[in-house]
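*Asks:* A single structure is presented below for examination.
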Amino acid sequence: MIALLIRDLRLTFRAGGGFGLGLAFFLIVTVLVPFGVGPESALLARIAPGILWVGALLACLLSLDRIFQLDFEDGSLDLLATAPVPMEGAVAMKALAHWLTTGLPLTLAAPFFGGLMSLPTAGFLWVFVTLLIGTPALSMIGTFGAALTVGLKRGGLLLSLLVLPLYIPTLLFGAETARRAIMGMEYAQTFAILAGVSAGSIAILPFAAAAAIRINLR
Amino acid sequence: MELLVEGLTVARGGVPVLENLGFRLSSGQVLVLRGPNGSGKTTLLRTLAGLQPPLAGEISLPPEAIAYGAHADGLKGQLSVAENLAFWASVYGTRDIERALVDMNLVALRDRPAANLSAGQKRRLGLARLLVTGRPIWLLDEPTVSLDAASVALFADAVRAHVAAGGAALIATHIDLGLDAAIFDVTPFKADPDATAGDGAFDEAFL
Amino acid sequence: MEDTRVRQHNDRWNWFWAWANPVKFMAWTGKALPWFIGLTLITLVPGLIWGFFFTPEAEGFGSSVKIIYVHVPSAFMAIQAWGMMVVASLIWLIRRHHVGALAAKGAALVGLTMTVIALITGAIWGEPMWGTYWAWDPRLTSFLILFLFYIGYMALWAAIENPDTAADLTSVLAIVGSVFAFLSRYAVNFWNQGLHQGASLSLDKEENVADVFWQPLVLTLVGFGLLFVVLVLVRARTEVRKRRVHALMTRERMRDA
């Protein structure tokens, strides 16, 4: 299974694009928002955690259809399904590879982009922490969506449509925790739920995603 | 070590294509699947490989025995020949890819990205994957597509060596590989559209 | 799947599941449907007439309050439909009863329609009451999320050609989606405290809306419940017929092959 992770990481790096695309999109969102809402620092600082979360979520969404599609088209997925690797494990590795190449870079970049949004210094930490806890859930939920739509020729739009409502709790608790922490409000409860959503997704969704892959290969 | 199939009915898209089919494949044997296009050979192989459930019947085989070679080779263009092979070797928990490279005449190409291989070379790499699986029963779907005569002979040698070492192979192919093989024609097992097939058939209830 | 089939043969609930056989399903629903339609008419029509014309105007609400006779039952049914969809999906996944999957598909369409009705009537009512058509109030937001879930679910049904695969995948989505829909419902409470009156429908007398409004509302709730049953049955019957056509056409294609 580690071999699968290494292969996927290697493929993403060699293909280029995949790695930088999410970051570039994230940058574009954070740069465009001030042009849209105006340069007033107080307003930007107030909406910064939410914008950063939405930006990270959309950037994450952008690369989801690549998780299984290429493997499906070149036949690797069939061969993996007959290999001595549990599909649940393979799916979890795929999600991990997606997180390492999308979620993690976005998390690391978020504080810097926060600077563009007049985010107060205390907010850097909280945007970073909530994204670090929340983006694994985004990758895992996205992997589940990708597993559902793997057999479809133009599944990209459908994938977004399926995944967006599933993303709502993660987005809501993630951005809410960051907002509350920055404003000095009580945040332990929403933070705990965010962690719970993330842990729950990682624990349960590999099984649902593996079931969906098996159904799609049938 | 043997693959035993009894009363098997397989379906494509919820519709039975082959029914009540049975055969036995033991160590040291090669069985060649014959049948016209669309007769269900691929469906049969996919069912045996465990990719789809049978509608009815029994498939008995030892655990972890099957290596499935599909139409598509599952190669990654950005990875080199050796990297592609090493990946599958570690998935199957084997280490040695050198013998497979030699057997499929890929040594000179080992560092070439798979994207730059010709169709026949890609196919040879796909077949080399079978050698690194270490699995005794090969299920092969049209393995000789886009191979030249020399490569077909190379492939036939590999199958012969595999079988001589106690392996077995079930091969869907239309060409004569020059192997000492039994022929299994699926045509007589074509599912009758008017008959009621296994009670698991989805659309059955709607007819 | 072999297991399921074996179980179906020696199960003392067989008499019950037999009703889900498509042929039997068509037979009994064909007989039952006129009765359900009749019951729907004798509850829904008087309920709505009573609600619209024979209830007083509530203080501070004006006649706008009368929209609750459509708004509340449709909102209620929108949620019931999701519940039924999940149960039917489970029946399909566990028991492999075709009617289960098709009933889930039918329930989704009705549920989506009810959600849209609830959202629109809510907006119409919201304007005079709160001075706005839309607010990110927890209940409104939950319904918007429910709407998105229904859209996604139905889009997945529509996108997959093989009906068997579509039934399996949408069932998985319905179950996973329910967990996330429930989470979302809970999540929005953290995020906005809301405008909606809370316990207006609870049985607690203190907070209850007055009886004059409550009695016709119960009648329309029953009427909408029956209407839901009728629509789902009609939808499921159509789906069974579509599947039959599909099966016949596949058989023809096989014969030609």
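By order of appearance in the structure tokens: chains A, B, ..., then residues from 1 within every chain, and ligands from 1 in the order shown.
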If the cut-off is 8 Å, can you tell me the residues of chain A near chain B, counting only C-alpha atoms? I'd like them as a PyMOL selection string.

*Replies:* chain A and resi 1+3-4+7+11+14-15+71+74-79+81-85+214+217-218

*Asks:* Define the interface residues of chain C facing chain B as those within 6 Å, counting only C-alpha atoms, and report them as number ranges by chain.

*Replies:* C: 244, 247, 251

*Asks:* What does the distance between atom CA of C:Leu109 and atom CA of C:Gly38 come to in Å, to one decimal place?

*Replies:*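 Between atom CA of C:Leu109 and atom CA of C:Gly38 the gap works out to 22.2 Å.
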
*Asks:* So that I can see what lies close to A:Leu164, please list as an MDAnalysis selection string the residues with an atom at most 12 Å from it, counting only C-alpha atoms and leaving out residues fewer than 4 positions away in the same chain.

*Replies:* (chainID A and resid 54 57:58 60:62 64 138 141:142 145 157:160 168:171) or (chainID C and resid 145:149 151:152 177 180:181 184)

*Asks:* Excluding C:Val179 and any residue of its chain fewer than 3 positions from it, enumerate the residues within 12 Å of it, using only C-alpha atoms, and give them as number ranges by chain.

*Replies:* A: 165-169, 197, 200-201, 204-205; C: 82-83, 86, 149, 172-176, 182-186

*Asks:* Just to be explicit: take each residue in the selection above, keep N, CA, C and O atoms, and write the result as a JSON list (two decimals), in the first residue's frame.

*Replies:*
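Final file, selection_4.json:
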[["chain", "number", "residue", "atom", "x", "y", "z"],
["A", 165, "PRO", "N", -22.48, 19.39, -1.07],
["A", 165, "PRO", "CA", -23.26, 19.30, 0.16],
["A", 165, "PRO", "C", -22.56, 18.50, 1.26],
["A", 165, "PRO", "O", -22.71, 18.80, 2.44],
["A", 166, "LEU", "N", -21.75, 17.51, 0.85],
["A", 166, "LEU", "CA", -21.05, 16.72, 1.85],
["A", 166, "LEU", "C", -19.96, 17.54, 2.54],
["A", 166, "LEU", "O", -19.56, 17.24, 3.67],
["A", 167, "TYR", "N", -19.50, 18.58, 1.85],
["A", 167, "TYR", "CA", -18.44, 19.42, 2.41],
["A", 167, "TYR", "C", -18.97, 20.41, 3.45],
["A", 167, "TYR", "O", -18.18, 21.00, 4.18],
["A", 168, "ILE", "N", -20.29, 20.63, 3.46],
["A", 168, "ILE", "CA", -20.82, 21.73, 4.29],
["A", 168, "ILE", "C", -20.42, 21.63, 5.77],
["A", 168, "ILE", "O", -19.92, 22.61, 6.32],
["A", 169, "PRO", "N", -20.60, 20.46, 6.43],
["A", 169, "PRO", "CA", -20.24, 20.45, 7.85],
["A", 169, "PRO", "C", -18.77, 20.78, 8.10],
["A", 169, "PRO", "O", -18.46, 21.55, 9.01],
["A", 197, "VAL", "N", -15.53, 15.27, 12.86],
["A", 197, "VAL", "CA", -15.97, 15.08, 11.47],
["A", 197, "VAL", "C", -14.82, 14.50, 10.65],
["A", 197, "VAL", "O", -14.96, 13.57, 9.87],
["A", 200, "GLY", "N", -14.05, 10.91, 11.80],
["A", 200, "GLY", "CA", -15.13, 10.03, 11.36],
["A", 200, "GLY", "C", -15.07, 9.76, 9.87],
["A", 200, "GLY", "O", -15.23, 8.62, 9.43],
["A", 201, "SER", "N", -14.82, 10.82, 9.09],
["A", 201, "SER", "CA", -14.73, 10.64, 7.64],
["A", 201, "SER", "C", -13.61, 9.67, 7.29],
["A", 201, "SER", "O", -13.77, 8.79, 6.46],
["A", 204, "ILE", "N", -14.62, 6.02, 8.31],
["A", 204, "ILE", "CA", -15.76, 5.31, 7.70],
["A", 204, "ILE", "C", -15.76, 5.38, 6.18],
["A", 204, "ILE", "O", -16.04, 4.39, 5.51],
["A", 205, "LEU", "N", -15.42, 6.54, 5.62],
["A", 205, "LEU", "CA", -15.58, 6.70, 4.17],
["A", 205, "LEU", "C", -14.73, 5.76, 3.32],
["A", 205, "LEU", "O", -15.16, 5.42, 2.21],
["C", 82, "TRP", "N", -36.99, 11.87, 2.47],
["C", 82, "TRP", "CA", -35.58, 11.47, 2.60],
["C", 82, "TRP", "C", -35.48, 10.21, 3.45],
["C", 82, "TRP", "O", -34.75, 9.26, 3.13],
["C", 83, "GLY", "N", -36.23, 10.20, 4.54],
["C", 83, "GLY", "CA", -36.22, 9.02, 5.41],
["C", 83, "GLY", "C", -36.64, 7.77, 4.66],
["C", 83, "GLY", "O", -35.99, 6.74, 4.73],
["C", 86, "VAL", "N", -33.95, 6.53, 2.33],
["C", 86, "VAL", "CA", -32.86, 5.81, 2.99],
["C", 86, "VAL", "C", -33.30, 4.38, 3.31],
["C", 86, "VAL", "O", -32.58, 3.42, 3.05],
["C", 149, "PHE", "N", -28.82, 18.04, -1.63],
["C", 149, "PHE", "CA", -28.65, 16.58, -1.53],
["C", 149, "PHE", "C", -29.57, 15.86, -2.51],
["C", 149, "PHE", "O", -29.15, 14.92, -3.19],
["C", 172, "VAL", "N", -25.69, 3.86, -1.79],
["C", 172, "VAL", "CA", -24.52, 4.20, -0.97],
["C", 172, "VAL", "C", -24.51, 5.71, -0.69],
["C", 172, "VAL", "O", -24.31, 6.15, 0.45],
["C", 173, "LEU", "N", -24.79, 6.49, -1.73],
["C", 173, "LEU", "CA", -24.81, 7.95, -1.55],
["C", 173, "LEU", "C", -25.89, 8.36, -0.57],
["C", 173, "LEU", "O", -25.68, 9.24, 0.29],
["C", 174, "ALA", "N", -27.07, 7.74, -0.67],
["C", 174, "ALA", "CA", -28.17, 8.11, 0.22],
["C", 174, "ALA", "C", -27.78, 7.88, 1.67],
["C", 174, "ALA", "O", -28.08, 8.70, 2.55],
["C", 175, "ILE", "N", -27.09, 6.77, 1.93],
["C", 175, "ILE", "CA", -26.75, 6.45, 3.32],
["C", 175, "ILE", "C", -25.64, 7.38, 3.83],
["C", 175, "ILE", "O", -25.76, 7.99, 4.89],
["C", 176, "VAL", "N", -24.58, 7.52, 3.04],
["C", 176, "VAL", "CA", -23.51, 8.43, 3.45],
["C", 176, "VAL", "C", -24.04, 9.86, 3.53],
["C", 176, "VAL", "O", -23.77, 10.59, 4.49],
["C", 182, "PHE", "N", -27.49, 15.08, 8.29],
["C", 182, "PHE", "CA", -27.79, 15.19, 9.70],
["C", 182, "PHE", "C", -26.78, 16.11, 10.39],
["C", 182, "PHE", "O", -27.13, 16.99, 11.16],
["C", 183, "LEU", "N", -25.51, 15.89, 10.05],
["C", 183, "LEU", "CA", -24.43, 16.72, 10.59],
["C", 183, "LEU", "C", -24.64, 18.19, 10.22],
["C", 183, "LEU", "O", -24.44, 19.08, 11.04],
["C", 184, "SER", "N", -25.04, 18.41, 8.96],
["C", 184, "SER", "CA", -25.23, 19.78, 8.50],
["C", 184, "SER", "C", -26.36, 20.44, 9.28],
["C", 184, "SER", "O", -26.25, 21.61, 9.67],
["C", 185, "ARG", "N", -27.43, 19.68, 9.51],
["C", 185, "ARG", "CA", -28.58, 20.20, 10.25],
["C", 185, "ARG", "C", -28.14, 20.68, 11.62],
["C", 185, "ARG", "O", -28.54, 21.73, 12.11],
["C", 186, "TYR", "N", -27.25, 19.87, 12.24],
["C", 186, "TYR", "CA", -26.73, 20.16, 13.55],
["C", 186, "TYR", "C", -25.75, 21.33, 13.47],
["C", 186, "TYR", "O", -25.72, 22.21, 14.32]]

*Asks:* Tell me which protein, DNA and RNA residues are within 10 Å of stretch 91-94 of chain C, counting only C-alpha atoms, leaving out same-chain ones fewer than 2 positions away, and put them as a PyMOL selection string.

*Replies:* chain C and resi 1+4+17+85-89+96-104+167-169+171-172

*Asks:* Residues of the last selection are to be written out with N, CA and C atoms, as a PDB file, in the first residue's frame.

*Replies:*
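Written out: part-v1.pdb:
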ATOM      1  N   MET C   1     -23.710 -11.890  -2.240  1.00  0.00           N
ATOM      2  CA  MET C   1     -25.036 -11.857  -2.875  1.00  0.00           C
ATOM      3  C   MET C   1     -25.678 -13.244  -2.899  1.00  0.00           C
ATOM      4  N   THR C   4     -27.659 -13.659   0.253  1.00  0.00           N
ATOM      5  CA  THR C   4     -28.961 -13.016   0.268  1.00  0.00           C
ATOM      6  C   THR C   4     -29.995 -13.930  -0.362  1.00  0.00           C
ATOM      7  N   TRP C  17     -41.966  -9.919   2.104  1.00  0.00           N
ATOM      8  CA  TRP C  17     -41.101  -9.455   1.017  1.00  0.00           C
ATOM      9  C   TRP C  17     -41.695  -9.785  -0.342  1.00  0.00           C
ATOM     10  N   MET C  85     -36.495   7.300   1.495  1.00  0.00           N
ATOM     11  CA  MET C  85     -35.470   7.012   0.496  1.00  0.00           C
ATOM     12  C   MET C  85     -34.353   6.164   1.110  1.00  0.00           C
ATOM     13  N   VAL C  86     -33.946   6.534   2.328  1.00  0.00           N
ATOM     14  CA  VAL C  86     -32.859   5.808   2.987  1.00  0.00           C
ATOM     15  C   VAL C  86     -33.305   4.383   3.314  1.00  0.00           C
ATOM     16  N   VAL C  87     -34.524   4.257   3.843  1.00  0.00           N
ATOM     17  CA  VAL C  87     -35.017   2.919   4.188  1.00  0.00           C
ATOM     18  C   VAL C  87     -35.104   2.060   2.924  1.00  0.00           C
ATOM     19  N   ALA C  88     -35.666   2.635   1.861  1.00  0.00           N
ATOM     20  CA  ALA C  88     -35.806   1.873   0.611  1.00  0.00           C
ATOM     21  C   ALA C  88     -34.439   1.502   0.047  1.00  0.00           C
ATOM     22  N   SER C  89     -33.461   2.406   0.179  1.00  0.00           N
ATOM     23  CA  SER C  89     -32.114   2.112  -0.298  1.00  0.00           C
ATOM     24  C   SER C  89     -31.505   0.954   0.483  1.00  0.00           C
ATOM     25  N   ARG C  96     -31.759  -6.848  -1.835  1.00  0.00           N
ATOM     26  CA  ARG C  96     -31.755  -6.846  -3.306  1.00  0.00           C
ATOM     27  C   ARG C  96     -33.171  -6.894  -3.874  1.00  0.00           C
ATOM     28  N   HIS C  97     -34.095  -6.137  -3.287  1.00  0.00           N
ATOM     29  CA  HIS C  97     -35.429  -6.041  -3.860  1.00  0.00           C
ATOM     30  C   HIS C  97     -35.488  -4.857  -4.798  1.00  0.00           C
ATOM     31  N   HIS C  98     -35.775  -5.155  -6.050  1.00  0.00           N
ATOM     32  CA  HIS C  98     -35.710  -4.096  -7.066  1.00  0.00           C
ATOM     33  C   HIS C  98     -36.637  -2.945  -6.774  1.00  0.00           C
ATOM     34  N   VAL C  99     -37.809  -3.279  -6.243  1.00  0.00           N
ATOM     35  CA  VAL C  99     -38.781  -2.226  -5.971  1.00  0.00           C
ATOM     36  C   VAL C  99     -38.230  -1.245  -4.937  1.00  0.00           C
ATOM     37  N   GLY C 100     -37.380  -1.738  -4.027  1.00  0.00           N
ATOM     38  CA  GLY C 100     -36.767  -0.852  -3.036  1.00  0.00           C
ATOM     39  C   GLY C 100     -36.016   0.282  -3.698  1.00  0.00           C
ATOM     40  N   ALA C 101     -35.136  -0.084  -4.641  1.00  0.00           N
ATOM     41  CA  ALA C 101     -34.335   0.932  -5.313  1.00  0.00           C
ATOM     42  C   ALA C 101     -35.220   1.890  -6.099  1.00  0.00           C
ATOM     43  N   LEU C 102     -36.245   1.330  -6.759  1.00  0.00           N
ATOM     44  CA  LEU C 102     -37.088   2.177  -7.596  1.00  0.00           C
ATOM     45  C   LEU C 102     -37.982   3.076  -6.745  1.00  0.00           C
ATOM     46  N   ALA C 103     -38.412   2.562  -5.580  1.00  0.00           N
ATOM     47  CA  ALA C 103     -39.208   3.393  -4.678  1.00  0.00           C
ATOM     48  C   ALA C 103     -38.345   4.535  -4.136  1.00  0.00           C
ATOM     49  N   ALA C 104     -37.075   4.245  -3.872  1.00  0.00           N
ATOM     50  CA  ALA C 104     -36.170   5.293  -3.397  1.00  0.00           C
ATOM     51  C   ALA C 104     -36.038   6.383  -4.452  1.00  0.00           C
ATOM     52  N   ALA C 167     -28.579   1.925  -9.064  1.00  0.00           N
ATOM     53  CA  ALA C 167     -29.290   1.652  -7.817  1.00  0.00           C
ATOM     54  C   ALA C 167     -28.309   1.469  -6.666  1.00  0.00           C
ATOM     55  N   ASP C 168     -27.226   0.737  -6.921  1.00  0.00           N
ATOM     56  CA  ASP C 168     -26.233   0.496  -5.865  1.00  0.00           C
ATOM     57  C   ASP C 168     -25.559   1.784  -5.425  1.00  0.00           C
ATOM     58  N   LEU C 169     -25.091   2.550  -6.404  1.00  0.00           N
ATOM     59  CA  LEU C 169     -24.319   3.745  -6.065  1.00  0.00           C
ATOM     60  C   LEU C 169     -25.190   4.801  -5.392  1.00  0.00           C
ATOM     61  N   SER C 171     -27.766   4.257  -3.621  1.00  0.00           N
ATOM     62  CA  SER C 171     -28.063   3.801  -2.265  1.00  0.00           C
ATOM     63  C   SER C 171     -26.913   4.126  -1.320  1.00  0.00           C
ATOM     64  N   VAL C 172     -25.690   3.864  -1.792  1.00  0.00           N
ATOM     65  CA  VAL C 172     -24.517   4.202  -0.969  1.00  0.00           C
ATOM     66  C   VAL C 172     -24.509   5.706  -0.692  1.00  0.00           C
TER      67      VAL C 172
END

*Asks:* Just want the 9 Å neighbourhood of A:Leu44, counted on only C-alpha atoms, with same-chain residues fewer than 5 positions away dropped. Output as a list in words.

*Replies:*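 In the requested form, the answer reads Val33, Pro34, Val37, Gly38, Pro39, Met117, Ser118 and Leu119 of chain A.
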
*Asks:* Against chain C, which residues of chain A fall within 8 Å? For each one I want the closest pair of atoms and the distance in Å (one decimal), counting only C-alpha atoms, rows by chain and increasing residue number, as CSV.

*Replies:*
residue,atom,partner,partner_atom,distance
A:Leu148,CA,C:Leu169,CA,6.4
A:Leu152,CA,C:Ile160,CA,7.1
A:Leu158,CA,C:Ala155,CA,7.0
A:Leu161,CA,C:Gly152,CA,5.6
A:Leu162,CA,C:Gly152,CA,4.9
A:Pro165,CA,C:Leu148,CA,6.3
A:Leu166,CA,C:Phe180,CA,5.8
A:Ile168,CA,C:Ser184,CA,6.4
A:Pro169,CA,C:Ser184,CA,5.1
A:Leu172,CA,C:Ala187,CA,6.9
A:Phe173,CA,C:Ala187,CA,7.1
A:Glu176,CA,C:Trp191,CA,7.2
A:Thr190,CA,C:Phe190,CA,7.9
A:Ala208,CA,C:Val172,CA,6.9
A:Ala212,CA,C:Leu169,CA,6.2
A:Ile215,CA,C:Thr165,CA,6.3
A:Asn216,CA,C:Thr165,CA,6.8
